[in-house]
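K.L.:
Quick one: this structure, given as structure tokens, is what I'll be asking you about.
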Amino acid sequence: ESRYNPAAIEEKWQQTWTDLGLDKTQTDSAKPKFYALSMFPYPSGSLHMGHVRNYVITDVIARQKRMQGYRVLHPMGWDAFGLPAENAAIDRRIAPAKWTYQNIAQMRSQLQRLGLSIDWDREVATCSPEYYKWTQWIFLQFLKAGLAYQKEAAVNWDPIDQTVLANEQVDSEGRSWRSGAKVERKLLRQWFLKITDYAEELLNDLDKLPGWPERVKLMQANWIGKSIGAYLEFPIVGLDEEIGVYTTRPDTVYGVTYVVLAPEHPLTKRVTTPDRQATVEAFVQEVANQSELERTAEDKPKRGIPTGGKAINPFTGEEIPIWIADYVLYEYGTGAVMGVPAHDVRDFKFAQEKNLPIKVVIVPEGADPSVPLEAAYVEPGVVVNSADFDGMVSTDAKEAIIKHAEKHAYGNARVQYRLRDWLISRQRYWGAPIPVIYCPNCGTVSVPDEDLPVELPEEVEFTGRGGSPLSQLDWVNVPCPTCGTPAKRETDTMDTFIDSSWYYLRYPDAKNDQQVFDPAKTNDWMPVDQYVGGIEHAILHLLYSRFFTKVLRDRGLLNFDEPFQRLLTQGMVQGTTYKNPVTGKYIPPAQVDPNDPKDPETGEPLQVFYEKMSKSKYNGIEPEEVLAKYGVDTARMFILFKAPPEKDLEWEDADVEGQFRFLNRIWRLVTDYSNQPAVVSQQALTKPEKELRRAIHTAIKAVTEDLDGEYQFNTAVSELMKLSNALADAPCKDSAIYAEGIQTLLILLAPFAPHIAEELWHSLGNTESIHIQPWLKYDESALVADEITLVVQINGKKRGDLQVPAQADKAELERFARESEAAQRYIEGKNVKKIIVVPGKLVNFVIG
Ligand code: ANZ
Ligand code: ZN
């Protein structure tokens with residue numbers, strides 16, 4: 001073949017690699033292991049550029065590690081449960097399983113076209129009974145460990161369709177996406193996993209992850225939200241009970257001017273005075289239908305009312321009013337707060353709106369406490385108006401006040417986490433059924449292991465109404481596994497985040513039908529050495545996976561603490577977007593002249609910018625089209641070269657074209673070479689040979705370091721370009737060094753553009769695959785230059801340069817420079833005041 005034609009080689013090599021079994025996971029235990037993992041996709045039906053970028057990145061890593069002598073595990077699977085399949089069933093009467101497996105088939109063949117070195121023998125689909133059997137088994141492990149429990153929790157309830165809605169199915173106005181009904185909050189008994197038991201370890205172990213982006217660790221830490229403060233009790237006037245509050249600012253306790261309960265707090269009713277009952281009840285009802293987001297929105301006015309009840313500040317003995325307000329959340333802390341308007345921004349606003357007193361107890365050093373505040377003073381300072389604590393630095397007062405409370409038994413130090421237990425119940429069909437049975441005699445009974453999986457019934461009608469389809473089937477009726485009495489199955493299925501919290505543990509032993517996995521195998525491959533995926537999973541998926549790992553470790557199944565050693569969150573793929581700034585409409589590029597972008601209808605000039613590719617913005621590029629035009633190797637090279645992997649990537653056709661031309665240059669370079677006469681090998685290297693050898697080994701070093709370190713694929717590709725230029729320019733094309741150069745170029749190229757590298761490798765007469773060649777090592781001595789370029793400056797300005805021996809010392813450099821033509825011209829007859837020599841770089845003459 002004389003011309004580079006990707007279509008003619010790509011499928012051929014993919015088939016050969018499959019036949020040779022190159023993508024299979026090696027099990028040779030003498031080799032070090034490397035587990036390269038991409039976040040598995042949701043089988044929506046078609047691959048988009050974000051997927052392509054994700055999987056190409058992991059593939060380069062997997063291929064290079066394999067060449068470096070690692071046994072590599074590089075698997076793929078499908079996060080296959082979830083709402084869209086059920087919606088397809090409702091809208092188009094296609095069974096969720098059928099829809100899902102069709103999509104999987106389609107996307108698998110699209111992935112295979114990318115030339116990914118994936119071991120498909122280990123493929124998992126979370127919706128297959130072979131997989132969810134073990135999801136259910138793991139749930140029962142949590143139940144045994146006391147880490148799964150039921151409690152009432154609010155759900156989004158559509159009163160027209162009589163069904164529970166996921167948060168995504170409720171629009172910003174609180175209406176159902178399907179019926180348009182105003183969504184209500186309804187209490188249902190739900191299953192939870194006790195992730196809060198692991199809050200402290202999940203936080204602390206972030207320190208064990210130096211290979212994670214700082215940003216992601218910070219997001220996780222904030223989500224866990226540890227705060228250190230105090231629990232304080234305020235006795236209720238006229239009742240033999242106290243209101244417990246959680247505060248991070250015990251140092252402000254003398255500034256408390258009211259106490260606030262969450263409206264749903266169990267004490268609300270009892271503290272309310274008879275004259276206020278009706279008003280309070282109405283307010284509680286109103287708040288009950290608000291989402292947490294609405295309640296805590298910063299910009300909305302705080303809503304609250306007095307209950308008529310009073311509490312006592314145990315420090316001062318003062319009576320203060322008890323209020324209820326929407327901004328106090330029942331699920332956080334104790335569901336009650338002490339109001340300190342002088343020192344809390346929210347309380348300040350609230351007190352101003354409600355005319356509550358504001359009492360200053362902390363001031364900046366030397367300030368006058370009697371001057372009224374214009375805003376809350378939230379900084380540390382000196383304590384005032386606080387009895388014995390006056391004069392203390394507020395940060396010290398925190399501890400002193402907690403000690404005081406402990407001594408008098410009305411409070412103590414307390415650590416609080418924002419993290420809540422994980423609500424996993426979904427009132428839906430397309431998920432893993434929660435494997436429990438409710439028996440009138442025995443209560444909640446686990447489905448025995450030998451009865452797993454609890455399979456999803458297939459004869460189901462999808463109407464979108466009347467609750468989960470499962471609850472409407474005879475399927476719910478079973479005899480109790482313990483006593484045989486007629487009993488009922490749980491009809492809720494699990495949150496799909498559960499499926500993805502453990503899939504990476506299954507790949508090392510994906511076909512095991514006796515065990516969730518053989519611990520020996522999973523412990524051997526785990527932890528994942530490099531995980532690659534989107535930043536959108538920075539919090540939940542990664543936190544849940546870390547939680548599962550720790551629980552299964554504590555169940556004796558795993559011998560490590562953290563599942564993912566290193567994490568790479570790849571940036572977004574963005575496309576050119578045309579938008580009419582007046583109408584806000586996005587315009588398809590086909591209707592726009594890129595040199596003069598105007599709205600085809602109105603003639604208004606358009607805004608042009610890059611934005612994440614999406615159908616609604618008409619800025620997407622179809623992977624299939626790029627592959628058809630340029631082949632997959634070009635697409636891979638472009639994606640890797642255009643931006644560092646963690647940065648956003650702006651799709652530019654011209655740059656794709658550029659990579660295609662680069663591969664064409666390599667094609668010509670190698671085919672020209674293979675048509676040349678035999679290699680001549682001499683004893684001593686000529687000067688051009690030495691230089692070429694230096695270029696070769698510099699490339700090996702640079703590409704290796706770019707891949708071993710921070711995965712700087714873009715600079716690695718630049719190195720390949722430099723080497724290819726050095727080869728093109730080399731005068732010694734008949735030398736053995738040139739042969740070494742051509743081979744080096746192909747081997748370094750192989751992980752990036754695997755098909756063209758393989759084809760050209762074979763064109764050189766090689767019969768083994770390039771992908772099983774050992775990765776190259778560089779020769780340190782080859783990196784040393786014989787000569788360097790010495791810059792000659794006059795008064796700091798470059799006036800010329802010259803080649804000098806690399807070993808020349810300072811005095812010699814000065815002499816070379818002084819004798820150079822450039823220097824001669826400028827210093828002739830001038831007074832040289834000073835000469836600055838920077839070894840290896842330049843000589844600067846300061847003349848007067
Ligand atoms: C009095 C106080 C004075 C507070 C002050 C702050 C500043 P983090 O750090 O997020 O844990 N709080 C406690 N429980 C609450 C709930 N259920 N709903 C809404 N707010 C709640 O925040 C702890 C602080 O948030 C607590 O400290 C409490 O207000 C409030 F100058 O107590 B603070
Ligand atoms: Zn029973």
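By order of appearance in the structure tokens: chains A, B, ..., then residues from 1 within every chain, and ligands from 1 in the order shown.
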List as a PyMOL selection string the protein and nucleic acid residues lying within 7 Å of ligand 2, with only C-alpha atoms and all ligand atoms counted.

P.N.:
chain A and resi 439-443+480-485

K.L.:
Selection from above, C-alpha atoms, as a short mmCIF file (atom, residue, chain, number, x, y, z; two decimals), in the first residue's frame, can you write it?

P.N.:
```cif
data_model
loop_
_atom_site.label_atom_id
_atom_site.label_comp_id
_atom_site.auth_asym_id
_atom_site.auth_seq_id
_atom_site.Cartn_x
_atom_site.Cartn_y
_atom_site.Cartn_z
CA CYS A 439 -43.91 -11.62 57.01
CA PRO A 440 -46.86 -11.01 59.35
CA ASN A 441 -45.20 -13.35 61.89
CA CYS A 442 -41.47 -12.84 61.48
CA GLY A 443 -41.32 -9.21 60.39
CA CYS A 480 -42.11 -16.44 54.19
CA PRO A 481 -38.73 -18.18 53.90
CA THR A 482 -38.69 -18.71 57.67
CA CYS A 483 -42.23 -19.83 58.60
CA GLY A 484 -43.99 -20.39 55.28
CA THR A 485 -46.86 -17.99 55.98
#
```

K.L.:
Identify, with DSSP run on backbone atoms, the residues in range 49-270 of chain A assigned to helix (DSSP H, G or I), and express the list as a PyMOL selection string.

P.N.:
chain A and resi 49-67+83-92+96-112+120-122+129-144+167-169+195-208+214-224+250-255+268-270

K.L.:
Kindly save the residues from that selection, with C-alpha atoms included, as an mmCIF file, in the first residue's frame.

P.N.:
```cif
data_model
loop_
_atom_site.group_PDB
_atom_site.id
_atom_site.type_symbol
_atom_site.label_atom_id
_atom_site.label_comp_id
_atom_site.auth_asym_id
_atom_site.auth_seq_id
_atom_site.Cartn_x
_atom_site.Cartn_y
_atom_site.Cartn_z
ATOM 1 C CA MET A 49 -17.242 12.305 22.144
ATOM 2 C CA GLY A 50 -16.975 12.444 25.931
ATOM 3 C CA HIS A 51 -17.007 8.642 25.978
ATOM 4 C CA VAL A 52 -14.446 8.500 23.198
ATOM 5 C CA ARG A 53 -12.083 10.767 25.090
ATOM 6 C CA ASN A 54 -12.499 8.829 28.331
ATOM 7 C CA TYR A 55 -11.861 5.433 26.800
ATOM 8 C CA VAL A 56 -9.000 6.517 24.564
ATOM 9 C CA ILE A 57 -7.154 7.979 27.555
ATOM 10 C CA THR A 58 -7.450 4.752 29.534
ATOM 11 C CA ASP A 59 -6.516 2.736 26.463
ATOM 12 C CA VAL A 60 -3.236 4.566 25.919
ATOM 13 C CA ILE A 61 -2.345 3.933 29.541
ATOM 14 C CA ALA A 62 -3.294 0.252 29.338
ATOM 15 C CA ARG A 63 -1.360 -0.308 26.111
ATOM 16 C CA GLN A 64 1.769 1.405 27.313
ATOM 17 C CA LYS A 65 1.745 -0.396 30.661
ATOM 18 C CA ARG A 66 1.440 -3.699 28.848
ATOM 19 C CA MET A 67 4.495 -2.843 26.743
ATOM 20 C CA LEU A 83 -34.891 5.536 34.567
ATOM 21 C CA PRO A 84 -34.465 6.069 30.789
ATOM 22 C CA ALA A 85 -35.155 2.391 30.073
ATOM 23 C CA GLU A 86 -38.389 2.626 32.019
ATOM 24 C CA ASN A 87 -39.375 5.796 30.239
ATOM 25 C CA ALA A 88 -38.759 4.099 26.901
ATOM 26 C CA ALA A 89 -41.074 1.346 28.111
ATOM 27 C CA ILE A 90 -43.791 3.842 29.010
ATOM 28 C CA ASP A 91 -43.409 5.915 25.852
ATOM 29 C CA ARG A 92 -42.688 3.256 23.264
ATOM 30 C CA PRO A 96 -36.650 -2.126 29.534
ATOM 31 C CA ALA A 97 -34.444 -5.196 29.185
ATOM 32 C CA LYS A 98 -34.826 -5.286 25.432
ATOM 33 C CA TRP A 99 -34.163 -1.567 25.069
ATOM 34 C CA THR A 100 -31.100 -1.810 27.296
ATOM 35 C CA TYR A 101 -29.529 -4.834 25.620
ATOM 36 C CA GLN A 102 -30.082 -3.339 22.181
ATOM 37 C CA ASN A 103 -28.271 -0.221 23.287
ATOM 38 C CA ILE A 104 -25.471 -2.243 24.780
ATOM 39 C CA ALA A 105 -24.973 -4.158 21.526
ATOM 40 C CA GLN A 106 -24.903 -0.924 19.567
ATOM 41 C CA MET A 107 -22.451 0.807 21.880
ATOM 42 C CA ARG A 108 -20.204 -2.214 22.225
ATOM 43 C CA SER A 109 -19.661 -2.292 18.478
ATOM 44 C CA GLN A 110 -18.989 1.455 18.498
ATOM 45 C CA LEU A 111 -16.412 0.973 21.242
ATOM 46 C CA GLN A 112 -14.787 -1.849 19.352
ATOM 47 C CA TRP A 120 -14.365 -8.204 26.658
ATOM 48 C CA ASP A 121 -14.447 -11.586 28.404
ATOM 49 C CA ARG A 122 -14.932 -9.685 31.644
ATOM 50 C CA PRO A 129 -29.334 -11.374 36.958
ATOM 51 C CA GLU A 130 -25.773 -12.790 37.096
ATOM 52 C CA TYR A 131 -24.624 -9.376 38.290
ATOM 53 C CA TYR A 132 -27.497 -8.114 40.406
ATOM 54 C CA LYS A 133 -27.626 -11.399 42.265
ATOM 55 C CA TRP A 134 -24.440 -10.146 43.910
ATOM 56 C CA THR A 135 -25.679 -6.599 44.286
ATOM 57 C CA GLN A 136 -28.488 -8.117 46.334
ATOM 58 C CA TRP A 137 -26.053 -10.325 48.225
ATOM 59 C CA ILE A 138 -23.990 -7.265 49.124
ATOM 60 C CA PHE A 139 -27.122 -5.483 50.326
ATOM 61 C CA LEU A 140 -27.749 -8.419 52.669
ATOM 62 C CA GLN A 141 -24.172 -8.116 53.926
ATOM 63 C CA PHE A 142 -24.943 -4.529 54.858
ATOM 64 C CA LEU A 143 -28.116 -5.686 56.560
ATOM 65 C CA LYS A 144 -26.204 -8.301 58.569
ATOM 66 C CA ASN A 167 -35.570 14.492 41.836
ATOM 67 C CA GLU A 168 -34.704 14.743 38.140
ATOM 68 C CA GLN A 169 -38.375 14.317 37.286
ATOM 69 C CA ILE A 195 -22.642 5.716 55.394
ATOM 70 C CA THR A 196 -22.434 8.083 58.373
ATOM 71 C CA ASP A 197 -20.745 5.317 60.371
ATOM 72 C CA TYR A 198 -17.807 5.737 58.007
ATOM 73 C CA ALA A 199 -17.819 9.534 57.810
ATOM 74 C CA GLU A 200 -14.632 9.969 59.807
ATOM 75 C CA GLU A 201 -12.689 7.322 57.915
ATOM 76 C CA LEU A 202 -13.957 8.554 54.548
ATOM 77 C CA LEU A 203 -12.655 11.979 55.485
ATOM 78 C CA ASN A 204 -9.325 10.901 56.978
ATOM 79 C CA ASP A 205 -8.441 8.455 54.232
ATOM 80 C CA LEU A 206 -8.518 11.207 51.633
ATOM 81 C CA ASP A 207 -4.959 11.704 52.887
ATOM 82 C CA LYS A 208 -4.106 8.266 51.543
ATOM 83 C CA GLU A 214 -6.928 18.130 45.109
ATOM 84 C CA ARG A 215 -10.179 19.573 43.826
ATOM 85 C CA VAL A 216 -11.970 16.235 44.053
ATOM 86 C CA LYS A 217 -10.674 15.551 47.555
ATOM 87 C CA LEU A 218 -11.870 18.970 48.643
ATOM 88 C CA MET A 219 -15.327 18.344 47.183
ATOM 89 C CA GLN A 220 -15.520 15.065 49.085
ATOM 90 C CA ALA A 221 -14.363 16.668 52.318
ATOM 91 C CA ASN A 222 -16.975 19.411 51.961
ATOM 92 C CA TRP A 223 -19.659 16.874 51.243
ATOM 93 C CA ILE A 224 -18.775 14.972 54.397
ATOM 94 C CA PRO A 250 -20.451 28.106 71.750
ATOM 95 C CA ASP A 251 -18.389 31.275 72.305
ATOM 96 C CA THR A 252 -21.488 33.282 71.312
ATOM 97 C CA VAL A 253 -23.899 31.679 73.785
ATOM 98 C CA TYR A 254 -24.356 34.891 75.815
ATOM 99 C CA GLY A 255 -25.608 36.526 72.604
ATOM 100 C CA THR A 268 -42.962 22.079 68.009
ATOM 101 C CA LYS A 269 -46.466 21.079 69.042
ATOM 102 C CA ARG A 270 -45.685 20.978 72.756
#
```

K.L.:
Excluding range 657-673 of chain A and its own-chain neighbours fewer than 3 positions away, which residues fall within 9 Å of it when counting only C-alpha atoms? Please give them as a ChimeraX atom specification.

P.N.:
/A:1-4,630-631,633-635,637-638,641,652-654,676-677,721,724,727-728,733-734,738-739,742,745-746,753,756,760-761,763-764

K.L.:
Hey, can you spit out that residue selection with C-alpha atoms as a compact mmCIF listing (two decimals), in the first residue's frame?

P.N.:
```txt
# COMPACT_ATOMS: atom_id res chain seq x y z
CA GLU A 1 0.00 0.00 0.00
CA SER A 2 1.52 3.27 -1.01
CA ARG A 3 -1.03 5.66 0.49
CA TYR A 4 -2.24 5.87 4.09
CA TYR A 630 -10.14 10.06 9.05
CA GLY A 631 -10.03 6.72 10.79
CA ASP A 633 -6.02 6.65 14.83
CA THR A 634 -6.39 10.27 13.75
CA ALA A 635 -9.30 10.78 16.14
CA MET A 637 -4.19 11.46 18.13
CA PHE A 638 -6.28 14.62 17.94
CA PHE A 641 -2.82 16.13 21.40
CA GLU A 652 -11.37 21.98 15.84
CA ASP A 653 -11.65 20.30 12.47
CA ALA A 654 -8.43 21.96 11.35
CA GLN A 676 15.70 1.90 0.61
CA PRO A 677 18.87 -0.16 0.23
CA MET A 721 6.43 15.07 16.06
CA SER A 724 9.56 12.41 13.08
CA LEU A 727 14.14 11.59 10.99
CA ALA A 728 12.84 13.47 7.97
CA LYS A 733 19.07 7.61 5.97
CA ASP A 734 21.17 4.56 5.14
CA TYR A 738 18.15 5.74 11.12
CA ALA A 739 16.71 2.23 11.32
CA ILE A 742 12.14 4.49 12.54
CA LEU A 745 9.04 6.18 16.36
CA LEU A 746 6.66 3.29 15.70
CA ALA A 753 -2.25 5.24 17.16
CA ILE A 756 -1.02 2.59 11.80
CA LEU A 760 4.00 0.08 9.41
CA TRP A 761 5.76 -2.21 11.87
CA SER A 763 5.79 -3.34 6.56
CA LEU A 764 9.32 -3.35 7.96
```

K.L.:
Around ligand 1, which protein and nucleic acid residues have at least one atom no more than 6 Å from it, if we count only C-alpha atoms and all ligand atoms? List them as JSON, numbers by chain.

P.N.:
{"A": [227, 246, 247, 248, 249, 252, 327, 328, 329, 330, 332, 333, 334, 335, 336, 337, 338, 339, 340, 343, 344]}

K.L.:
Can you tell me which residues surround Tyr610 in chain A at a distance of at most 8 Å, considering only C-alpha atoms, apart from same-chain residues fewer than 4 positions away, and format the answer as a PyMOL selection string?

P.N.:
chain A and resi 574-577+650

K.L.:
Take the residues just selected and output them with N, CA and C atoms as a PDB file, in the first residue's frame.

P.N.:
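Contents of again38.pdb, freshly written:
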```
ATOM      1  N   GLN A 574     -15.679  20.109  23.956  1.00  0.00           N
ATOM      2  CA  GLN A 574     -16.541  21.235  23.603  1.00  0.00           C
ATOM      3  C   GLN A 574     -16.576  21.450  22.096  1.00  0.00           C
ATOM      4  N   GLY A 575     -17.691  21.921  21.619  1.00  0.00           N
ATOM      5  CA  GLY A 575     -17.838  22.181  20.196  1.00  0.00           C
ATOM      6  C   GLY A 575     -18.136  23.650  19.944  1.00  0.00           C
ATOM      7  N   THR A 576     -17.899  24.081  18.705  1.00  0.00           N
ATOM      8  CA  THR A 576     -18.197  25.467  18.338  1.00  0.00           C
ATOM      9  C   THR A 576     -19.706  25.681  18.373  1.00  0.00           C
ATOM     10  N   THR A 577     -20.086  26.720  19.096  1.00  0.00           N
ATOM     11  CA  THR A 577     -21.503  26.976  19.326  1.00  0.00           C
ATOM     12  C   THR A 577     -21.875  28.337  18.743  1.00  0.00           C
ATOM     13  N   GLU A 650     -11.297  21.727  23.002  1.00  0.00           N
ATOM     14  CA  GLU A 650     -12.115  22.416  22.001  1.00  0.00           C
ATOM     15  C   GLU A 650     -11.971  21.709  20.661  1.00  0.00           C
TER      16      GLU A 650
END
```

K.L.:
Residues of range 265-473 of chain A classed as strand (DSSP E or B) by DSSP on the backbone are to be reported as a PyMOL selection string.

P.N.:
chain A and resi 304-312+319-325+336-339+362-363+382-383+393+411-417+422-423+425-426+433+436-439+443-446

K.L.:
Which residue is closest to His404 in chain A? Choose from A:Ile498, A:Ser370, A:Gln427, A:Leu232 and count only C-alpha atoms.

P.N.:
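Nearest candidate to His404 in chain A out of A:Ile498, A:Ser370, A:Gln427, A:Leu232: A:Leu232.
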
K.L.:
Neighbouring residues of Gly244 in chain A were defined as those with any atom within 12 Å, considering only C-alpha atoms; residues of the same chain fewer than 6 positions away were excluded. Please report them as a list in words.

P.N.:
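After dropping sequence-adjacent residues, the list is Ala230, Tyr231, Leu232, Glu233, Phe234, Pro235, Ile236, Val259, Val260, Leu261, His265, Leu267, Ala311, Ile312, Asn313, Pro314, Gly333, Thr334, Gly335, Ala336, Val337, Met338, Tyr410, Gly411, Asn412 and Arg414 of chain A.
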
K.L.:
Go ahead and dump the residues you just picked, C-alpha atoms, as a compact mmCIF listing (two decimals), in the first residue's frame.

P.N.:
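The resulting out.txt:
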```txt
# COMPACT_ATOMS: atom_id res chain seq x y z
CA ALA A 230 -21.01 21.89 71.01
CA TYR A 231 -24.33 20.44 72.01
CA LEU A 232 -26.16 22.74 74.43
CA GLU A 233 -29.50 22.30 76.19
CA PHE A 234 -32.03 25.09 76.68
CA PRO A 235 -34.73 24.21 79.27
CA ILE A 236 -38.30 24.90 78.12
CA VAL A 259 -34.20 29.59 69.82
CA VAL A 260 -35.48 28.14 66.53
CA LEU A 261 -36.91 24.68 65.90
CA HIS A 265 -39.37 19.04 65.17
CA LEU A 267 -41.22 19.54 70.26
CA ALA A 311 -36.86 28.67 76.73
CA ILE A 312 -34.13 29.58 79.20
CA ASN A 313 -30.55 30.32 78.30
CA PRO A 314 -28.81 28.11 80.87
CA GLY A 333 -27.59 18.50 63.96
CA THR A 334 -30.46 18.35 66.43
CA GLY A 335 -32.97 20.13 64.21
CA ALA A 336 -32.81 23.17 66.47
CA VAL A 337 -30.54 26.20 66.63
CA MET A 338 -29.71 28.95 69.06
CA TYR A 410 -26.19 21.23 80.15
CA GLY A 411 -23.95 20.48 77.24
CA ASN A 412 -20.77 19.02 75.83
CA ARG A 414 -19.74 17.51 69.73
```

K.L.:
Please report the interatomic distance between CA of Pro369 in chain A and CA of Asp390 in chain A in Å with one decimal.

P.N.:
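Taking CA of Pro369 in chain A as the start and CA of Asp390 in chain A as the end point, the length is 11.8 Å.
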
K.L.:
Within 12 Å of Asp499 in chain A, counting only C-alpha atoms, which residues show up once you throw out same-chain ones fewer than 2 positions away? Write them as a ChimeraX atom specification, please.

P.N.:
/A:40,42,77-82,124-128,131-139,424,431-433,493-497,501-506,541,544-545,548

K.L.:
With N, CA and C atoms retained, write the just-selected residues as a short mmCIF file (atom, residue, chain, number, x, y, z; two decimals), in the first residue's frame.

P.N.:
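Result went into result-v1.cif, see below:
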```cif
data_model
loop_
_atom_site.label_atom_id
_atom_site.label_comp_id
_atom_site.auth_asym_id
_atom_site.auth_seq_id
_atom_site.Cartn_x
_atom_site.Cartn_y
_atom_site.Cartn_z
N PHE A 40 -17.59 3.06 33.79
CA PHE A 40 -18.40 2.39 32.76
C PHE A 40 -19.59 3.26 32.35
N TYR A 42 -23.34 4.52 30.85
CA TYR A 42 -24.75 4.20 30.85
C TYR A 42 -25.13 3.89 29.41
N GLY A 77 -17.78 -2.40 31.02
CA GLY A 77 -19.12 -2.91 31.36
C GLY A 77 -20.16 -1.83 31.21
N TRP A 78 -21.32 -2.07 31.77
CA TRP A 78 -22.48 -1.21 31.51
C TRP A 78 -23.22 -0.92 32.80
N ASP A 79 -23.42 0.35 33.04
CA ASP A 79 -24.17 0.80 34.21
C ASP A 79 -25.63 0.84 33.76
N ALA A 80 -26.28 -0.32 33.76
CA ALA A 80 -27.40 -0.53 32.85
C ALA A 80 -28.80 -0.41 33.44
N PHE A 81 -28.90 -0.22 34.75
CA PHE A 81 -30.21 0.04 35.32
C PHE A 81 -30.47 1.54 35.28
N GLY A 82 -31.74 1.91 35.40
CA GLY A 82 -32.02 3.34 35.50
C GLY A 82 -33.27 3.76 34.76
N VAL A 124 -19.35 -6.75 32.21
CA VAL A 124 -20.49 -6.91 33.11
C VAL A 124 -21.59 -5.93 32.72
N ALA A 125 -22.83 -6.32 32.97
CA ALA A 125 -23.97 -5.40 32.81
C ALA A 125 -24.73 -5.48 34.13
N THR A 126 -24.88 -4.33 34.76
CA THR A 126 -25.46 -4.35 36.12
C THR A 126 -26.91 -4.84 36.12
N CYS A 127 -27.56 -4.84 34.93
CA CYS A 127 -28.97 -5.27 34.88
C CYS A 127 -29.11 -6.76 34.66
N SER A 128 -28.00 -7.49 34.51
CA SER A 128 -28.12 -8.92 34.29
C SER A 128 -28.28 -9.62 35.64
N TYR A 131 -25.27 -10.47 37.55
CA TYR A 131 -24.62 -9.38 38.29
C TYR A 131 -25.47 -8.96 39.50
N TYR A 132 -26.75 -8.71 39.28
CA TYR A 132 -27.50 -8.11 40.41
C TYR A 132 -27.78 -9.12 41.51
N LYS A 133 -27.61 -10.41 41.19
CA LYS A 133 -27.63 -11.40 42.27
C LYS A 133 -26.65 -10.97 43.35
N TRP A 134 -25.49 -10.50 42.93
CA TRP A 134 -24.44 -10.15 43.91
C TRP A 134 -24.64 -8.76 44.48
N THR A 135 -25.30 -7.90 43.72
CA THR A 135 -25.68 -6.60 44.29
C THR A 135 -26.62 -6.86 45.47
N GLN A 136 -27.54 -7.78 45.26
CA GLN A 136 -28.49 -8.12 46.33
C GLN A 136 -27.76 -8.78 47.50
N TRP A 137 -26.82 -9.64 47.17
CA TRP A 137 -26.05 -10.32 48.23
C TRP A 137 -25.29 -9.29 49.07
N ILE A 138 -24.72 -8.31 48.39
CA ILE A 138 -23.99 -7.27 49.12
C ILE A 138 -24.95 -6.47 50.01
N PHE A 139 -26.14 -6.18 49.49
CA PHE A 139 -27.12 -5.48 50.33
C PHE A 139 -27.37 -6.29 51.61
N ILE A 424 -31.59 4.60 49.67
CA ILE A 424 -31.38 3.77 48.47
C ILE A 424 -32.67 3.22 47.86
N GLY A 431 -34.38 -1.73 38.29
CA GLY A 431 -33.28 -1.67 39.24
C GLY A 431 -33.22 -3.02 39.95
N ALA A 432 -32.24 -3.19 40.81
CA ALA A 432 -32.12 -4.47 41.52
C ALA A 432 -33.13 -4.51 42.67
N PRO A 433 -34.03 -5.49 42.65
CA PRO A 433 -35.00 -5.57 43.75
C PRO A 433 -34.29 -5.73 45.11
N THR A 493 -36.78 -0.99 44.46
CA THR A 493 -35.50 -1.43 43.92
C THR A 493 -34.42 -0.48 44.42
N MET A 494 -33.16 -0.87 44.16
CA MET A 494 -32.06 -0.07 44.72
C MET A 494 -31.65 1.07 43.79
N ASP A 495 -31.25 2.15 44.40
CA ASP A 495 -30.60 3.25 43.70
C ASP A 495 -29.50 2.67 42.80
N THR A 496 -29.43 3.13 41.55
CA THR A 496 -28.44 2.55 40.63
C THR A 496 -27.00 2.90 41.04
N PHE A 497 -26.82 3.87 41.91
CA PHE A 497 -25.47 4.15 42.41
C PHE A 497 -24.91 2.96 43.19
N SER A 501 -21.21 1.02 42.72
CA SER A 501 -20.31 1.16 43.87
C SER A 501 -19.40 -0.04 44.03
N TRP A 502 -19.66 -1.10 43.26
CA TRP A 502 -18.82 -2.29 43.47
C TRP A 502 -18.40 -2.96 42.18
N TYR A 503 -18.77 -2.44 41.00
CA TYR A 503 -18.51 -3.16 39.74
C TYR A 503 -17.02 -3.42 39.51
N TYR A 504 -16.19 -2.49 39.97
CA TYR A 504 -14.74 -2.63 39.78
C TYR A 504 -14.16 -3.80 40.58
N LEU A 505 -14.91 -4.27 41.58
CA LEU A 505 -14.47 -5.44 42.35
C LEU A 505 -14.82 -6.74 41.63
N ARG A 506 -15.73 -6.64 40.69
CA ARG A 506 -16.23 -7.82 39.99
C ARG A 506 -15.35 -8.17 38.79
N HIS A 541 -20.47 9.05 43.25
CA HIS A 541 -19.99 7.72 42.84
C HIS A 541 -18.70 7.34 43.58
N TYR A 544 -19.40 6.76 47.41
CA TYR A 544 -20.11 5.50 47.64
C TYR A 544 -19.18 4.31 47.40
N SER A 545 -18.35 4.40 46.37
CA SER A 545 -17.43 3.29 46.09
C SER A 545 -16.43 3.13 47.23
N PHE A 548 -18.31 1.44 50.07
CA PHE A 548 -18.50 0.00 49.85
C PHE A 548 -17.20 -0.76 50.10
#
```

K.L.:
Just the number, please: distance in Å from CA of Ser176 in chain A to CA of Gly464 in chain A, one decimal.

P.N.:
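Here the two named atoms are 11.9 Å from each other.
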